[in-house]
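Participant: I'd like to ask you about the structure that follows.
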Amino acid sequence: MQHICNDYLVPRFGDAVAADIKPPEIQRWLKILHEEKGLSWSTVSKIRGVMSWAYKTGILHQLLSVNPMQAVETRSKTTYRAIIVRPEQTLQILLLLPNPIHRILVLAAAATALRSSALLSLRWADLKWQENRIRVSKRWSNGKHGKTKTEASDGYAPMHPVLAQQLRDCKPSALCL
């Protein structure tokens with residue numbers, strides 16, 4: 001939310017009086033973000049959602065009486081399509097990677113489906129060897145550790161035996177810490 005405020009809302013509306021911003025102006029700006037700035041509709045919809053939340057907060061605190069975002073529409077359909085990678089393809093990718101840490105990261109991503117930010121925050125202590133699972137309790141983002149992206153992300157991921165063996169084979173060294 002802070003990223004959306006700092007990178008989009010403040011540069012565009014930072015000097016405006018909230019009550020003076022009209023729905024057509026917002027609608028045109030959101031369309032420009034998609035068509036000219038190349039933002040996906042799902043991102044534009046998130047920006048719209050943050051603006052709506054800000055107006056609702058202003059209404060709650062009796063600073064505003066109307067939320068112009070109720071009249072503003074965006075598309076939320078995405079063109080994103082997941083790419084299915086078969087196990088044989090994953091193995092081919094792994095064999096092409098010369099760096100051991102890259103191989104471990106790709107294997108861990110394929111075996112757990114964890115977000116990259118969660119993978120990058122893992123430590124040896126997060127590996128629950130006896131339970132065959134990995135504790136996911138943080139993420140690495142913007143150069144620091146933080147909470148997982150969602151509450152549902154905070155938990156455990158299964159540790160496949162192949163991944164467990166590769167991790168065991170990786171000696172705690174500069175490459176595998």
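Labeling convention for the structure tokens: chains A, B, ... as they appear, residues from 1 per chain, ligands from 1 in order of appearance.
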List the spatial neighbours of Ala164 in chain A as a count of residues only - criterion: any atom at most 12 Å away, only C-alpha atoms, same-chain residues fewer than 6 positions off excluded.
Facilitator: 16
Participant: Residues near Thr150 in chain A, anyone? I mean within 12 Å using only C-alpha atoms, not counting same-chain ones fewer than 4 positions away, as a VMD selection string.
Facilitator: chain A and resid 115 117 to 118 136 to 139 146 154 to 155
Participant: Export, as a PDB file, in the first residue's frame, the selected residues with N, CA and C atoms.
Facilitator:
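The resulting again.pdb:
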ATOM      1  N   ARG A 115       6.858 -18.472  -2.588  1.00  0.00           N
ATOM      2  CA  ARG A 115       7.226 -17.218  -3.242  1.00  0.00           C
ATOM      3  C   ARG A 115       8.735 -17.025  -3.107  1.00  0.00           C
ATOM      4  N   SER A 117      10.344 -14.417  -2.318  1.00  0.00           N
ATOM      5  CA  SER A 117      10.684 -13.655  -1.110  1.00  0.00           C
ATOM      6  C   SER A 117      10.737 -14.565   0.119  1.00  0.00           C
ATOM      7  N   ALA A 118       9.884 -15.588   0.162  1.00  0.00           N
ATOM      8  CA  ALA A 118       9.910 -16.544   1.280  1.00  0.00           C
ATOM      9  C   ALA A 118      11.138 -17.445   1.169  1.00  0.00           C
ATOM     10  N   VAL A 136       7.914 -21.530   7.302  1.00  0.00           N
ATOM     11  CA  VAL A 136       7.881 -20.272   6.559  1.00  0.00           C
ATOM     12  C   VAL A 136       7.275 -19.227   7.486  1.00  0.00           C
ATOM     13  N   SER A 137       8.115 -18.289   7.949  1.00  0.00           N
ATOM     14  CA  SER A 137       7.633 -17.309   8.920  1.00  0.00           C
ATOM     15  C   SER A 137       8.034 -15.877   8.583  1.00  0.00           C
ATOM     16  N   LYS A 138       8.738 -15.710   7.472  1.00  0.00           N
ATOM     17  CA  LYS A 138       9.191 -14.370   7.109  1.00  0.00           C
ATOM     18  C   LYS A 138       9.440 -14.319   5.606  1.00  0.00           C
ATOM     19  N   ARG A 139       9.759 -13.133   5.142  1.00  0.00           N
ATOM     20  CA  ARG A 139      10.127 -12.954   3.732  1.00  0.00           C
ATOM     21  C   ARG A 139      11.250 -11.942   3.645  1.00  0.00           C
ATOM     22  N   GLY A 146      10.946  -9.380   6.753  1.00  0.00           N
ATOM     23  CA  GLY A 146       9.659  -8.854   7.188  1.00  0.00           C
ATOM     24  C   GLY A 146       8.670  -9.989   7.341  1.00  0.00           C
ATOM     25  N   ASP A 154       2.181 -17.742   6.267  1.00  0.00           N
ATOM     26  CA  ASP A 154       2.915 -18.047   7.491  1.00  0.00           C
ATOM     27  C   ASP A 154       2.530 -19.444   7.945  1.00  0.00           C
ATOM     28  N   GLY A 155       3.455 -20.376   7.835  1.00  0.00           N
ATOM     29  CA  GLY A 155       3.153 -21.762   8.197  1.00  0.00           C
ATOM     30  C   GLY A 155       4.270 -22.685   7.767  1.00  0.00           C
TER      31      GLY A 155
END
Participant: What does the distance between CA of Val72 in chain A and CA of Pro23 in chain A come to in Å, to one decimal place?
Facilitator: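 Distance between the two atoms: 5.8 Å.
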Participant: Just want the 10 Å neighbourhood of Ala54 in chain A, counted on only C-alpha atoms, with same-chain residues fewer than 4 positions away dropped. Output as a PyMOL selection string.
Facilitator: chain A and resi 5+18+48-50+58-60+67+69
Participant: Would you mind listing what lies within 8 Å of Ser45 in chain A as an MDAnalysis selection string, with only C-alpha atoms counted and same-chain residues fewer than 4 positions away left out?
Facilitator: chainID A and resid 41 49 74:76
Participant: Apply DSSP to the structure's backbone, then extract all residues of chain A labelled strand (DSSP E) and return them as a list of chain:residue names.
Facilitator: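 Put together, the selection reads A:Leu127, A:Lys128, A:Arg133, A:Ile134, A:Arg135, A:Val136, A:Arg139, A:Trp140, A:Ser141, A:Lys144, A:His145, A:Gly146, A:Gly155, A:Tyr156, A:Ala157, A:Pro158.
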